[in-house]
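This is data_23.txt (compact mmCIF, C-alpha atoms and all ligand atoms).
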```
# COMPACT_ATOMS: atom_id res chain seq x y z
CA MET W 1 37.97 112.27 -54.70
CA LEU W 2 34.91 113.67 -56.52
CA ASN W 3 33.81 112.81 -60.06
CA PHE W 4 35.00 115.09 -62.84
CA ASP W 5 35.25 115.66 -66.59
CA MET W 6 38.34 117.21 -68.07
CA HIS W 7 39.32 118.25 -71.58
CA ILE W 8 42.17 120.62 -72.41
CA PRO W 9 42.10 121.42 -76.12
CA THR W 10 45.12 123.76 -76.09
CA ARG W 11 48.09 122.63 -78.17
CA ILE W 12 51.29 123.56 -76.34
CA HIS W 13 54.55 124.27 -78.16
CA PHE W 14 57.14 124.47 -75.41
CA GLY W 15 60.80 125.38 -75.62
CA ARG W 16 63.52 127.41 -77.28
CA GLY W 17 62.74 128.52 -80.81
CA LYS W 18 59.18 127.20 -80.74
CA ILE W 19 57.99 130.41 -82.37
CA GLU W 20 58.76 128.50 -85.57
CA GLU W 21 55.37 126.81 -85.07
CA LEU W 22 53.47 130.10 -85.09
CA GLY W 23 53.02 130.48 -88.84
CA SER W 24 51.48 127.07 -89.43
CA GLU W 25 49.37 127.31 -86.25
CA MET W 26 47.92 130.65 -87.36
CA ARG W 27 47.19 129.34 -90.84
CA ASN W 28 45.09 126.58 -89.24
CA TRP W 29 42.68 129.21 -87.91
CA GLY W 30 42.69 132.07 -90.38
CA ARG W 31 44.67 134.70 -92.25
CA LYS W 32 43.19 137.82 -90.63
CA VAL W 33 44.64 138.27 -87.21
CA LEU W 34 44.09 140.71 -84.36
CA LEU W 35 47.40 141.03 -82.50
CA VAL W 36 46.83 141.93 -78.84
CA TYR W 37 49.74 143.06 -76.68
CA GLY W 38 50.68 145.23 -73.73
CA GLY W 39 52.70 148.33 -73.06
CA GLY W 40 55.74 147.63 -75.21
CA SER W 41 57.82 144.84 -73.64
CA ILE W 42 57.46 142.82 -76.86
CA LYS W 43 58.89 145.70 -78.86
CA ARG W 44 61.86 146.12 -76.53
CA SER W 45 62.63 142.40 -76.60
CA GLY W 46 62.54 142.14 -80.40
CA LEU W 47 59.64 139.69 -80.37
CA TYR W 48 57.36 142.16 -82.16
CA ASP W 49 59.70 142.33 -85.18
CA GLN W 50 59.84 138.55 -85.27
CA LEU W 51 56.04 138.40 -85.33
CA ILE W 52 55.75 140.87 -88.20
CA GLN W 53 58.21 138.78 -90.21
CA ILE W 54 56.20 135.62 -89.49
CA PHE W 55 52.98 137.36 -90.57
CA GLN W 56 54.63 138.38 -93.85
CA ASP W 57 56.13 134.97 -94.51
CA ASN W 58 52.76 133.28 -94.00
CA GLY W 59 50.50 135.65 -95.92
CA ILE W 60 48.78 136.84 -92.75
CA THR W 61 47.23 140.29 -92.57
CA HIS W 62 46.94 141.78 -89.13
CA VAL W 63 45.56 144.68 -87.13
CA GLU W 64 46.76 145.58 -83.65
CA LEU W 65 45.37 146.33 -80.25
CA ALA W 66 48.38 147.63 -78.34
CA GLY W 67 48.64 149.05 -74.82
CA VAL W 68 46.62 146.47 -72.92
CA GLN W 69 47.24 147.37 -69.29
CA PRO W 70 48.05 145.01 -66.43
CA ASN W 71 44.62 144.35 -64.88
CA PRO W 72 43.14 144.69 -68.38
CA ARG W 73 40.19 147.00 -68.81
CA ILE W 74 36.82 146.38 -70.40
CA SER W 75 37.47 149.51 -72.49
CA SER W 76 40.34 147.66 -74.25
CA VAL W 77 38.07 144.68 -74.77
CA ARG W 78 35.43 146.88 -76.40
CA GLN W 79 38.07 148.43 -78.68
CA GLY W 80 39.24 144.97 -79.69
CA VAL W 81 35.69 143.79 -80.41
CA ASP W 82 35.19 146.80 -82.72
CA LEU W 83 38.43 145.96 -84.55
CA CYS W 84 37.35 142.34 -85.00
CA ARG W 85 34.06 143.45 -86.55
CA GLN W 86 35.59 146.13 -88.79
CA HIS W 87 38.30 143.84 -90.13
CA GLU W 88 36.45 140.50 -90.11
CA ILE W 89 39.11 139.02 -87.87
CA GLU W 90 39.47 135.22 -87.86
CA LEU W 91 42.02 134.69 -85.08
CA VAL W 92 42.93 136.70 -81.98
CA LEU W 93 46.62 136.36 -81.11
CA ALA W 94 47.72 137.47 -77.63
CA VAL W 95 51.41 138.06 -77.07
CA GLY W 96 52.45 138.81 -73.49
CA GLY W 97 51.33 137.90 -69.99
CA GLY W 98 47.95 137.07 -68.51
CA SER W 99 46.57 140.55 -69.10
CA SER W 100 47.01 140.46 -72.87
CA ILE W 101 45.74 136.88 -72.99
CA ASP W 102 42.66 137.59 -70.86
CA CYS W 103 41.88 140.67 -72.93
CA ALA W 104 42.21 138.62 -76.12
CA LYS W 105 39.84 135.95 -74.77
CA ALA W 106 37.21 138.53 -73.82
CA ILE W 107 37.54 140.16 -77.25
CA ALA W 108 37.18 136.79 -78.96
CA ALA W 109 33.94 136.12 -77.08
CA GLY W 110 32.67 139.68 -77.47
CA ALA W 111 33.13 139.52 -81.24
CA CYS W 112 30.64 136.63 -81.38
CA TYR W 113 28.03 138.33 -79.19
CA ASN W 114 25.49 141.00 -79.99
CA GLY W 115 25.58 142.78 -76.64
CA ASP W 116 28.36 144.35 -74.56
CA ALA W 117 31.25 142.05 -73.51
CA TRP W 118 30.92 143.19 -69.87
CA ASP W 119 27.67 141.16 -69.77
CA PHE W 120 29.79 138.00 -69.56
CA PHE W 121 31.45 139.22 -66.38
CA ILE W 122 28.30 140.31 -64.57
CA ARG W 123 26.56 137.05 -65.49
CA GLN W 124 24.10 138.72 -67.86
CA ALA W 125 25.23 136.45 -70.69
CA ARG W 126 27.02 133.13 -71.08
CA ILE W 127 29.88 132.64 -73.50
CA THR W 128 28.93 129.99 -75.99
CA HIS W 129 31.05 131.01 -78.96
CA ALA W 130 34.34 132.81 -79.43
CA LEU W 131 36.80 133.46 -82.20
CA PRO W 132 39.83 131.20 -81.92
CA VAL W 133 42.57 132.55 -79.64
CA GLY W 134 46.28 131.75 -79.85
CA THR W 135 48.96 132.92 -77.44
CA VAL W 136 52.67 133.56 -77.25
CA LEU W 137 53.44 133.68 -73.54
CA THR W 138 56.13 136.01 -72.18
CA LEU W 139 55.52 135.83 -68.42
CA ALA W 140 55.04 132.78 -66.19
CA ALA W 141 52.15 133.47 -63.83
CA THR W 142 48.45 133.12 -64.55
CA GLY W 143 48.09 129.91 -66.53
CA SER W 144 45.72 131.76 -68.87
CA GLU W 145 47.67 130.28 -71.80
CA MET W 146 46.17 126.86 -71.06
CA ASN W 147 42.86 127.58 -69.35
CA PRO W 148 39.34 128.81 -70.13
CA TYR W 149 39.28 131.87 -67.84
CA ALA W 150 39.55 135.63 -68.32
CA VAL W 151 39.63 138.34 -65.65
CA ILE W 152 38.74 141.91 -66.63
CA SER W 153 38.53 145.21 -64.72
CA ASN W 154 35.91 147.89 -65.11
CA ASP W 155 37.09 151.35 -64.03
CA GLU W 156 33.58 152.79 -64.07
CA THR W 157 31.99 150.22 -61.77
CA LYS W 158 35.23 149.55 -59.80
CA GLN W 159 34.91 145.81 -60.34
CA LYS W 160 37.37 143.16 -61.40
CA LEU W 161 35.55 139.99 -62.39
CA GLY W 162 36.28 136.67 -64.02
CA THR W 163 34.46 134.55 -66.51
CA GLY W 164 35.05 131.10 -67.95
CA SER W 165 33.92 129.02 -70.89
CA SER W 166 35.35 126.09 -72.77
CA ALA W 167 35.13 128.35 -75.84
CA LEU W 168 37.95 130.43 -74.31
CA PHE W 169 40.67 127.79 -74.20
CA PRO W 170 43.48 129.02 -76.45
CA ARG W 171 43.73 126.78 -79.53
CA PHE W 172 47.51 126.91 -79.24
CA SER W 173 50.10 128.48 -76.99
CA ILE W 174 53.76 129.01 -77.66
CA LEU W 175 55.79 128.80 -74.46
CA ASP W 176 59.40 129.76 -75.04
CA PRO W 177 61.01 130.35 -71.63
CA GLU W 178 63.59 132.64 -73.27
CA TYR W 179 60.82 135.19 -73.82
CA SER W 180 60.56 135.50 -70.05
CA PHE W 181 64.27 136.34 -69.57
CA SER W 182 63.39 140.05 -69.77
CA VAL W 183 60.65 139.89 -67.11
CA PRO W 184 61.73 142.36 -64.39
CA PRO W 185 62.38 141.12 -60.83
CA GLU W 186 59.14 142.45 -59.35
CA GLN W 187 57.07 140.67 -62.01
CA THR W 188 59.15 137.50 -61.66
CA ALA W 189 58.40 137.51 -57.93
CA ALA W 190 54.72 138.34 -58.43
CA GLY W 191 54.37 135.64 -61.09
CA THR W 192 55.93 133.05 -58.78
CA ALA W 193 53.54 134.08 -55.98
CA ASP W 194 50.57 133.86 -58.35
CA ILE W 195 51.51 130.34 -59.42
CA MET W 196 51.89 129.29 -55.78
CA SER W 197 48.57 130.87 -54.92
CA HIS W 198 46.83 128.93 -57.69
CA VAL W 199 48.23 125.77 -56.15
CA PHE W 200 47.19 126.79 -52.62
CA GLU W 201 43.63 127.57 -53.75
CA GLN W 202 43.25 123.99 -54.94
CA TYR W 203 45.46 122.18 -52.42
CA PHE W 204 43.66 123.59 -49.37
CA SER W 205 40.34 121.85 -49.81
CA PRO W 206 37.81 120.04 -47.63
CA THR W 207 37.73 117.12 -50.12
CA GLU W 208 39.49 114.01 -48.92
CA GLY W 209 41.24 111.29 -50.89
CA SER W 210 42.79 113.44 -53.62
CA TYR W 211 46.24 112.03 -52.90
CA VAL W 212 47.61 112.32 -56.42
CA GLN W 213 46.43 115.93 -56.91
CA ASP W 214 47.95 116.85 -53.56
CA ARG W 215 51.36 115.31 -54.29
CA LEU W 216 51.39 117.04 -57.69
CA ALA W 217 50.53 120.30 -55.94
CA GLU W 218 53.39 119.90 -53.47
CA ALA W 219 55.80 119.25 -56.35
CA MET W 220 54.68 122.46 -58.02
CA LEU W 221 55.10 124.46 -54.82
CA ARG W 222 58.58 123.05 -54.33
CA THR W 223 59.42 123.93 -57.92
CA CYS W 224 58.41 127.56 -57.34
CA ILE W 225 60.33 127.69 -54.06
CA HIS W 226 63.41 126.26 -55.74
CA TYR W 227 63.38 128.20 -59.01
CA GLY W 228 61.71 131.51 -58.06
CA PRO W 229 64.82 132.84 -56.29
CA ILE W 230 67.09 131.54 -59.07
CA ALA W 231 65.06 133.35 -61.75
CA LEU W 232 65.21 136.50 -59.65
CA GLU W 233 69.00 136.38 -59.30
CA GLN W 234 69.75 134.99 -62.76
CA PRO W 235 67.06 136.27 -65.14
CA ASN W 236 68.57 134.38 -68.10
CA ASN W 237 68.68 131.01 -66.36
CA TYR W 238 66.79 128.84 -68.83
CA GLU W 239 66.20 125.96 -66.45
CA ALA W 240 64.61 128.24 -63.86
CA ARG W 241 62.46 130.10 -66.40
CA ALA W 242 61.40 126.84 -68.08
CA ASN W 243 60.36 125.18 -64.84
CA LEU W 244 58.43 128.24 -63.69
CA MET W 245 56.72 128.61 -67.05
CA TRP W 246 55.51 125.03 -67.24
CA THR W 247 54.47 125.04 -63.58
CA GLY W 248 52.45 128.19 -64.25
CA SER W 249 50.50 126.41 -66.97
CA LEU W 250 50.02 123.18 -65.00
CA ALA W 251 48.94 124.98 -61.84
CA LEU W 252 45.72 126.28 -63.37
CA ASN W 253 44.79 123.99 -66.23
CA GLY W 254 42.43 121.76 -64.28
CA LEU W 255 45.03 119.18 -63.26
CA LEU W 256 45.12 120.13 -59.57
CA GLY W 257 41.52 121.15 -59.00
CA SER W 258 39.65 118.37 -60.76
CA GLY W 259 38.01 115.95 -58.35
CA LYS W 260 38.06 118.44 -55.46
CA LEU W 261 36.28 121.44 -54.02
CA THR W 262 38.59 124.41 -54.41
CA ASP W 263 38.87 127.55 -52.31
CA TRP W 264 39.65 130.82 -54.19
CA ALA W 265 38.89 133.15 -51.24
CA THR W 266 42.34 134.75 -51.43
CA HIS W 267 41.92 135.36 -55.17
CA ASP W 268 38.46 136.84 -54.67
CA ILE W 269 39.79 139.25 -52.06
CA GLU W 270 42.81 140.19 -54.18
CA HIS W 271 40.65 140.86 -57.23
CA GLN W 272 38.53 143.28 -55.22
CA ILE W 273 41.70 145.03 -53.99
CA SER W 274 42.98 145.27 -57.57
CA ALA W 275 39.63 146.66 -58.72
CA LEU W 276 40.03 149.59 -56.32
CA TYR W 277 43.81 150.05 -56.24
CA ASP W 278 45.13 148.53 -59.48
CA VAL W 279 47.79 146.51 -57.63
CA THR W 280 49.92 143.78 -59.22
CA HIS W 281 47.88 140.59 -58.83
CA GLY W 282 50.69 138.32 -57.57
CA LEU W 283 51.93 140.92 -55.10
CA GLY W 284 48.46 141.28 -53.58
CA LEU W 285 48.27 137.50 -53.25
CA ALA W 286 51.70 137.25 -51.62
CA ILE W 287 50.64 139.76 -48.96
CA LEU W 288 47.26 138.14 -48.28
CA THR W 289 48.21 134.45 -48.37
CA PRO W 290 50.05 134.05 -45.03
CA HIS W 291 47.27 136.01 -43.29
CA TRP W 292 44.60 133.87 -44.91
CA MET W 293 46.49 130.74 -43.77
CA ASN W 294 46.78 132.05 -40.21
CA TYR W 295 43.12 132.95 -40.08
CA VAL W 296 41.79 129.63 -41.37
CA LEU W 297 44.05 127.57 -39.09
CA ASP W 298 41.96 125.66 -36.54
CA GLU W 299 41.66 122.10 -35.22
CA LYS W 300 39.89 120.99 -38.40
CA THR W 301 42.23 122.58 -40.95
CA ALA W 302 45.45 121.98 -39.03
CA PRO W 303 46.20 118.51 -40.47
CA ARG W 304 46.25 119.84 -44.06
CA LEU W 305 48.26 122.94 -43.18
CA ALA W 306 50.67 120.71 -41.24
CA GLU W 307 50.94 118.36 -44.21
CA TYR W 308 51.87 121.37 -46.33
CA ALA W 309 54.51 122.41 -43.80
CA ARG W 310 56.01 118.92 -43.64
CA ASN W 311 55.90 118.00 -47.32
CA VAL W 312 56.80 121.37 -48.80
CA TRP W 313 59.01 122.95 -46.14
CA ALA W 314 60.39 119.75 -44.56
CA ILE W 315 59.24 120.84 -41.10
CA SER W 316 59.63 117.97 -38.68
CA GLU W 317 57.26 119.09 -35.93
CA SER W 318 54.82 116.38 -34.83
CA ASP W 319 52.12 118.67 -33.39
CA ASP W 320 49.83 119.74 -36.25
CA ILE W 321 49.09 123.26 -35.04
CA LYS W 322 52.77 123.99 -34.38
CA ALA W 323 53.82 122.50 -37.70
CA ALA W 324 51.15 124.53 -39.52
CA ARG W 325 52.33 127.75 -37.85
CA ALA W 326 55.92 127.02 -38.84
CA GLY W 327 54.84 126.38 -42.45
CA ILE W 328 52.93 129.65 -42.53
CA ALA W 329 55.94 131.53 -41.19
CA ARG W 330 58.14 129.96 -43.89
CA THR W 331 55.63 131.01 -46.55
CA ALA W 332 55.72 134.63 -45.40
CA GLU W 333 59.54 134.59 -45.22
CA PHE W 334 59.73 133.15 -48.72
CA PHE W 335 57.64 135.93 -50.23
CA LYS W 336 59.75 138.49 -48.37
CA SER W 337 62.91 136.84 -49.70
CA LEU W 338 61.56 137.54 -53.22
CA ARG W 339 61.72 141.21 -52.24
CA MET W 340 57.96 141.71 -52.13
CA ALA W 341 56.12 144.05 -49.79
CA SER W 342 54.48 142.29 -46.87
CA SER W 343 51.64 144.63 -45.88
CA LEU W 344 48.71 146.25 -47.66
CA LYS W 345 49.73 149.53 -46.03
CA GLU W 346 53.08 149.43 -47.84
CA ILE W 347 51.40 149.14 -51.24
CA GLY W 348 49.16 152.15 -50.68
CA LEU W 349 45.85 150.80 -49.43
CA GLU W 350 43.89 153.02 -47.06
CA GLU W 351 42.59 151.42 -43.89
CA LYS W 352 39.21 153.00 -44.38
CA SER W 353 38.67 151.08 -47.63
CA LEU W 354 39.09 147.64 -46.06
CA GLU W 355 35.49 147.42 -44.91
CA THR W 356 34.24 148.30 -48.38
CA ILE W 357 36.50 145.64 -49.91
CA ALA W 358 35.21 143.03 -47.44
CA ARG W 359 31.59 143.98 -48.09
CA GLN W 360 31.90 144.07 -51.86
CA VAL W 361 33.76 140.80 -52.15
CA THR W 362 31.37 138.83 -49.95
CA ASN W 363 28.20 140.59 -51.13
CA GLY W 364 26.11 138.92 -48.44
CA GLU W 365 27.54 135.45 -49.10
CA THR W 366 30.54 133.43 -47.93
CA LEU W 367 33.86 132.91 -49.70
CA GLY W 368 36.05 129.83 -49.88
CA ALA W 369 35.60 126.12 -49.29
CA PHE W 370 38.54 125.04 -47.10
CA LYS W 371 36.99 127.28 -44.46
CA LYS W 372 34.00 129.45 -45.33
CA LEU W 373 34.55 133.13 -44.66
CA ASP W 374 31.90 135.78 -44.11
CA CYS W 375 32.30 139.53 -44.36
CA LYS W 376 33.67 139.84 -40.82
CA ASP W 377 36.24 137.09 -41.44
CA VAL W 378 37.40 138.78 -44.64
CA LEU W 379 37.71 142.10 -42.82
CA ASN W 380 39.83 140.44 -40.12
CA ILE W 381 42.16 138.99 -42.75
CA LEU W 382 42.41 142.39 -44.46
CA LEU W 383 43.16 144.14 -41.17
CA ALA W 384 45.93 141.65 -40.39
CA ALA W 385 47.35 141.98 -43.92
CA TYR W 386 47.13 145.76 -43.68
CA GLU W 387 49.53 145.81 -40.73
CA GLY W 388 51.65 142.94 -42.12
O1 LIG P 1 52.54 145.32 -70.94
P1 LIG P 1 53.93 144.87 -71.25
O2 LIG P 1 54.78 145.98 -71.79
O3 LIG P 1 54.00 143.63 -72.06
O4 LIG P 1 54.63 144.58 -69.82
C1 LIG P 1 54.12 143.59 -68.93
C2 LIG P 1 53.38 144.20 -67.75
O5 LIG P 1 53.85 145.46 -67.43
C3 LIG P 1 55.31 142.94 -68.26
N1 LIG P 1 55.88 141.84 -69.04
C4 LIG P 1 55.26 140.72 -69.49
N2 LIG P 1 56.15 139.94 -70.12
C5 LIG P 1 57.34 140.59 -70.09
C6 LIG P 1 57.16 141.81 -69.41
N3 LIG P 1 58.16 142.69 -69.22
C7 LIG P 1 59.37 142.37 -69.73
N4 LIG P 1 59.61 141.21 -70.37
C8 LIG P 1 58.62 140.29 -70.57
N5 LIG P 1 58.88 139.14 -71.17
O6 LIG P 1 54.80 142.44 -67.04
C9 LIG P 1 53.76 143.29 -66.59
C10 LIG P 1 52.61 142.44 -66.10
O7 LIG P 1 52.00 141.75 -67.17
P2 LIG P 1 50.58 141.03 -66.96
O8 LIG P 1 50.19 140.40 -68.23
O9 LIG P 1 49.65 142.00 -66.33
O10 LIG P 1 50.95 139.95 -65.84
P3 LIG P 1 50.32 138.57 -65.47
O11 LIG P 1 50.69 137.52 -66.43
O12 LIG P 1 50.67 138.37 -64.06
O13 LIG P 1 48.74 138.79 -65.63
C11 LIG P 1 47.99 139.36 -64.59
C12 LIG P 1 46.52 139.43 -64.95
O14 LIG P 1 45.96 138.11 -65.12
C13 LIG P 1 44.85 137.95 -64.22
C14 LIG P 1 45.20 138.86 -63.09
O15 LIG P 1 44.10 139.15 -62.26
C15 LIG P 1 45.73 140.07 -63.82
O16 LIG P 1 44.68 140.85 -64.32
N6 LIG P 1 44.66 136.53 -63.89
C16 LIG P 1 44.22 135.72 -64.86
C17 LIG P 1 43.93 134.40 -64.62
C18 LIG P 1 43.47 133.50 -65.70
N7 LIG P 1 43.13 134.01 -66.86
O17 LIG P 1 43.37 132.30 -65.50
C19 LIG P 1 44.05 133.80 -63.29
C20 LIG P 1 44.84 134.62 -62.35
O18 LIG P 1 44.53 134.26 -61.05
C21 LIG P 1 44.68 136.09 -62.51
O19 LIG P 1 43.53 136.57 -61.87
ZN ZN P 2 46.08 134.33 -59.81
```

Take the structure from the file and write it as structure tokens.
Amino acid sequence: MLNFDMHIPTRIHFGRGKIEELGSEMRNWGRKVLLVYGGGSIKRSGLYDQLIQIFQDNGITHVELAGVQPNPRISSVRQGVDLCRQHEIELVLAVGGGSSIDCAKAIAAGACYNGDAWDFFIRQARITHALPVGTVLTLAATGSEMNPYAVISNDETKQKLGTGSSALFPRFSILDPEYSFSVPPEQTAAGTADIMSHVFEQYFSPTEGSYVQDRLAEAMLRTCIHYGPIALEQPNNYEARANLMWTGSLALNGLLGSGKLTDWATHDIEHQISALYDVTHGLGLAILTPHWMNYVLDEKTAPRLAEYARNVWAISESDDIKAARAGIARTAEFFKSLRMASSLKEIGLEEKSLETIARQVTNGETLGAFKKLDCKDVLNILLAAYEG
């Protein structure tokens, strides 16, 4: 295990009715709030009306940035930054999934910076300050509610890039699993795949001796495998939604990746696909993951992939390569059982764009740590995932 420092400053309020904490949490940070949300799910669910009542009851004035798209755009961030400046906003409150939260984080940083917020994503500027961010989570997937990252798309440059800073940790997050009852099946499946992918990116590592992180990771994968299908069939099953929601937060809050080298090649590739084709993040990951696993399988990586197969899928094969292959097959079957597409072709990618994706994502360097991948490797994975 490697040395590490870890500090998670986000206060979590988890469970039914925990929205009751929102008023006092907001008052801790300010009375002028920018409310950031997506395309309307919070209005349909009634959560929006609840928020307005809480604002009134707590003497909070608010302005809104509505319509944040999945794969949130830098144009929304710029709009939000303008609103913060015009209205002297003190707290940015994101209500929704990872897209609204990431947009809110980028706004919060942009409001404390003299240049354009896109600078943070192209490494032209570092985030040192941000307005406080709070979140009310409605979709279990990204872990953004408890981490310091934001991922933003730029339609003009066709890029989707991430940034991170300890200034971006939400100050508080309200996690009421009941708010995720209304998540539609395709987003429930994609969210489950995203959580699993976050675990894979940290579990499949060249670092040895991280026994505790690895057993925690396997428990999280088994939780997703157990509860993902239940949430899909019974959207109002509290136990399933609660376990998925908490796993989503734990999977990307530093717990699994601290003390290890982590991979992230599959995420890098998916982000480049999303930049060009605006696909649902978790769906892109579900398609790529089994192909990435197949491609990186060799004598050196087989023991870890076999360990995954044995500990997560209870495969009792003693040969590592055979066990690994069986585990990979089970992974692909699982994603299919969540009714997700299994090829890039099916979701509308054009074969001719694969080379561009591979070139842009590697940009002359290698991806990943479990096994380093160059442009040709990435193209091979994309070609395999294209056919499915
Ligand atoms: O926009 P609304 O109307 O709210 O609808 C959303 C959206 O259409 C809907 N939804 C959310 N909660 C709902 C609901 N519909 C009904 N009932 C509810 N309770 O779901 C759709 C997807 O929402 P979105 O926020 O885009 O999903 P997700 O949470 O999966 O976020 C994806 C974004 O996060 C980024 C992804 O790349 C993508 O841009 N990621 C962020 C990370 C981070 N900050 O740490 C890490 C991840 O790896 C990821 O890259
Ligand atoms: Zn992800």

Problem - Residues near Tyr37 of chain W, cut-off 9 Å, all atoms listed in the file, skip fewer than 3 positions along chain, as an MDAnalysis selection string - result: chainID W and resid 40:42 64:69 93:97 99:101 104

Segment 352-362 of chain W, all listed atoms, 4 Å padding on each side: what axis-aligned box centre and edge lengths in Å to one decimal come out, as lines of an AutoDock Vina configuration file?
```
center_x = 35.3
center_y = 145.9
center_z = -48.3
size_x = 15.8
size_y = 22.2
size_z = 15.8
```

Exercise for the section: Calculate how many Å separate atom CA of Tyr227 of chain W from atom CA of Glu239 of chain W, rounding to one decimal. Expected result: 8.3 Å

Handout entry: Shortest interatomic distance to Arg126 of chain W - which of W:Cys103, W:Ser165, W:Ala150, W:Lys372, counting only C-alpha atoms
Key = W:Ser165

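Considering all atoms listed in the file, the residue among W:Ser197, W:Ser180, W:Ser342, W:Ser249 positioned nearest to ligand ZN 2 (chain P) is W:Ser197.
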
Problem - For segment 288-302 of chain W: contacts at 6 Å, only C-alpha atoms, fewer than 3 positions along chain excluded, given as a VMD selection string - result: chain W and resid 285 305 to 306 320 to 321 328 332 381 385

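We find atom CA of Thr362 of chain W and atom CA of Asp374 of chain W to be spaced 6.6 Å apart.
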
Exercise for the section: Around the point (60.7, 140.4, -56.8) in the file's coordinates, collect all residues with an atom within 10 Å, using all atoms listed in the file, and return them as a ChimeraX atom specification. Expected result: /W:184-193,228-229,231-233,283,335-341

Problem - atom CA of Ser258 of chain W to atom CA of Phe4 of chain W, distance in Å rounded to a single decimal - result: 6.1 Å

Practice task
List every protein, DNA or RNA residue with an atom no more than 7 Å from (36.5, 136.5, -60.9) in the file's coordinates, counting only C-alpha atoms, and format the result as a VMD selection string.
Solution key: chain W and resid 151 160 to 163 268

Find the spatial neighbours of segment 143-146 of chain W, counting only C-alpha atoms, within a cut-off of 10 Å - ignore same-chain residues fewer than 5 positions away - and output them as a PDB file with C-alpha atoms, in the frame of the given file.
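Below is the file that was written, out.pdb:
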```
ATOM      1  CA  ILE W   8      42.170 120.620 -72.410  1.00  0.00           C
ATOM      2  CA  PRO W   9      42.100 121.420 -76.120  1.00  0.00           C
ATOM      3  CA  THR W  10      45.120 123.760 -76.090  1.00  0.00           C
ATOM      4  CA  ARG W  11      48.090 122.630 -78.170  1.00  0.00           C
ATOM      5  CA  ILE W  12      51.290 123.560 -76.340  1.00  0.00           C
ATOM      6  CA  ALA W  94      47.720 137.470 -77.630  1.00  0.00           C
ATOM      7  CA  GLY W  96      52.450 138.810 -73.490  1.00  0.00           C
ATOM      8  CA  GLY W  97      51.330 137.900 -69.990  1.00  0.00           C
ATOM      9  CA  GLY W  98      47.950 137.070 -68.510  1.00  0.00           C
ATOM     10  CA  SER W  99      46.570 140.550 -69.100  1.00  0.00           C
ATOM     11  CA  SER W 100      47.010 140.460 -72.870  1.00  0.00           C
ATOM     12  CA  ILE W 101      45.740 136.880 -72.990  1.00  0.00           C
ATOM     13  CA  ASP W 102      42.660 137.590 -70.860  1.00  0.00           C
ATOM     14  CA  LYS W 105      39.840 135.950 -74.770  1.00  0.00           C
ATOM     15  CA  VAL W 133      42.570 132.550 -79.640  1.00  0.00           C
ATOM     16  CA  GLY W 134      46.280 131.750 -79.850  1.00  0.00           C
ATOM     17  CA  THR W 135      48.960 132.920 -77.440  1.00  0.00           C
ATOM     18  CA  VAL W 136      52.670 133.560 -77.250  1.00  0.00           C
ATOM     19  CA  LEU W 137      53.440 133.680 -73.540  1.00  0.00           C
ATOM     20  CA  VAL W 151      39.630 138.340 -65.650  1.00  0.00           C
ATOM     21  CA  LEU W 168      37.950 130.430 -74.310  1.00  0.00           C
ATOM     22  CA  PHE W 169      40.670 127.790 -74.200  1.00  0.00           C
ATOM     23  CA  PRO W 170      43.480 129.020 -76.450  1.00  0.00           C
ATOM     24  CA  ARG W 171      43.730 126.780 -79.530  1.00  0.00           C
ATOM     25  CA  PHE W 172      47.510 126.910 -79.240  1.00  0.00           C
ATOM     26  CA  SER W 173      50.100 128.480 -76.990  1.00  0.00           C
ATOM     27  CA  ILE W 174      53.760 129.010 -77.660  1.00  0.00           C
ATOM     28  CA  LEU W 175      55.790 128.800 -74.460  1.00  0.00           C
ATOM     29  CA  ASP W 194      50.570 133.860 -58.350  1.00  0.00           C
ATOM     30  CA  ILE W 195      51.510 130.340 -59.420  1.00  0.00           C
ATOM     31  CA  HIS W 198      46.830 128.930 -57.690  1.00  0.00           C
ATOM     32  CA  MET W 245      56.720 128.610 -67.050  1.00  0.00           C
ATOM     33  CA  TRP W 246      55.510 125.030 -67.240  1.00  0.00           C
ATOM     34  CA  THR W 247      54.470 125.040 -63.580  1.00  0.00           C
ATOM     35  CA  GLY W 248      52.450 128.190 -64.250  1.00  0.00           C
ATOM     36  CA  SER W 249      50.500 126.410 -66.970  1.00  0.00           C
ATOM     37  CA  LEU W 250      50.020 123.180 -65.000  1.00  0.00           C
ATOM     38  CA  ALA W 251      48.940 124.980 -61.840  1.00  0.00           C
ATOM     39  CA  LEU W 252      45.720 126.280 -63.370  1.00  0.00           C
ATOM     40  CA  ASN W 253      44.790 123.990 -66.230  1.00  0.00           C
ATOM     41  CA  GLY W 254      42.430 121.760 -64.280  1.00  0.00           C
TER      42      GLY W 254
END
```

Handout entry: Surrounding residues of Lys32 of chain W excluding itself and chain neighbours under 6 positions, 12 Å, all atoms listed in the file, as a ChimeraX atom specification
Key = /W:26,55-56,58-64,83-93,131-132

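Among W:Pro70, W:Gly164, W:Pro235, W:Pro206, the residue with the shortest atom-to-atom distance to ligand LIG 1 (chain P), counting all atoms listed in the file, is W:Pro70.
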
Practice task
Excluding Ser182 of chain W and residues on its chain fewer than 3 positions from it, collect all residues at most 9 Å away from it, counting all atoms listed in the file, and give them as number ranges by chain.
Solution key: W: 41, 45, 138, 178-179, 235-236

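Minimum distance to ligand LIG 1 (chain P) across W:Arg16, W:Arg215, W:Lys43, W:Lys260 (counting only C-alpha atoms and all ligand atoms) occurs at W:Lys43.
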
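Proximity ranking of W:Ala384, W:Ala329, W:Leu354, W:Ala265 relative to ligand ZN 2 (chain P) places W:Ala265 first, based on all atoms listed in the file.
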
Handout entry: Selected residue of minimal separation from Gly364 of chain W among W:Val378, W:Gln124, W:Thr331, W:Met6, counting only C-alpha atoms
Key = W:Val378
